[in-house]
Amino acid sequence: MCLAVPGKVLDIEERDGTRMATVDFGGVVKEVCLEYVPDLKVGEYAIVHVGFALQRLDEESARHTLALFEELGLLQEEFGDSWEAAAAPEGWDGAGGTPPAVHHDGAREASR
């Protein structure tokens with residue numbers, strides 16, 4: 001699933017002629033292009049989709065939406081580390097603590 005997620009602009013800089021921002025999505029920080037919202041300022045919130053800020057958003061709406069996404073587990077789904085998921089042992093869904101240990105011979109221990 002690909003969501004449009006509200007985030008708070010922490011820092012803005014120009015890189016190779018493109019306005020870029022460091023944006024905080026409820027604890028997850030990502031780089032975002034600001035070309036569609038060129039007047040966005042540090043401290044403001046924006047709705048971000050696939051790395052592009054699309055629209056300014058008021059703080060109350062942004063915080064409310066982030067809280068709902070967090071409650072529903074959508075932030076982890078959207079921003080979870082795909083490399084971490086790919087490296088997890090087969091059959092481990094990421095829930096319930098640590099993954100089962102995998103021995104060099106391929107045998108697996110049960111999760112604790």
# chains A, B, ... in the order shown; residues from 1 in each chain; ligands from 1
$ select_by_dssp --residues "stretch 5-90 of chain A" --states "alpha helix (DSSP H)" --output "list in words"
Glu59, Glu60, Ser61, Ala62, Arg63, His64, Thr65, Leu66, Ala67, Leu68, Phe69, Glu70, Glu71, Leu72, Leu74, Leu75, Gln76, Glu77, Glu78, Phe79, Ser82, Trp83, Glu84, Ala85, Ala86 and Ala87 of chain A
$ residues_around --residues "stretch 8-20 of chain A" --least-positions-apart "6" --cutoff "6 Å" --atoms "only C-alpha atoms" --output "ChimeraX atom specification"
/A:32-34,42-45
$ closest_residue --among "A:Gly27, A:Pro6, A:Pro38, A:Gly73" --to "A:Val50" --atoms "only C-alpha atoms"
A:Pro6
$ atom_distance --atom1 "atom CA of A:Asp58" --atom2 "atom CA of A:Phe25"
14.2 Å
$ atom_distance --atom1 "atom CA of A:Leu40" --atom2 "atom CA of A:Glu71"
27.7 Å
$ closest_residue --among "A:Val23, A:Val28, A:Ala67, A:Leu74" --to "A:Ile47" --atoms "only C-alpha atoms"
A:Val23
$ select_by_dssp --residues "stretch 19-85 of chain A" --states "strand (DSSP E or B)" --output "list in words"
Arg19, Met20, Ala21, Thr22, Val23, Asp24, Phe25, Val28, Val29, Lys30, Glu31, Val32, Cys33, Tyr45, Ala46, Ile47, Val48, His49, Phe52, Ala53, Leu54, Gln55, Arg56 and Leu57 of chain A
$ atom_distance --atom1 "atom CA of A:Glu59" --atom2 "atom CA of A:Leu3"
18.3 Å
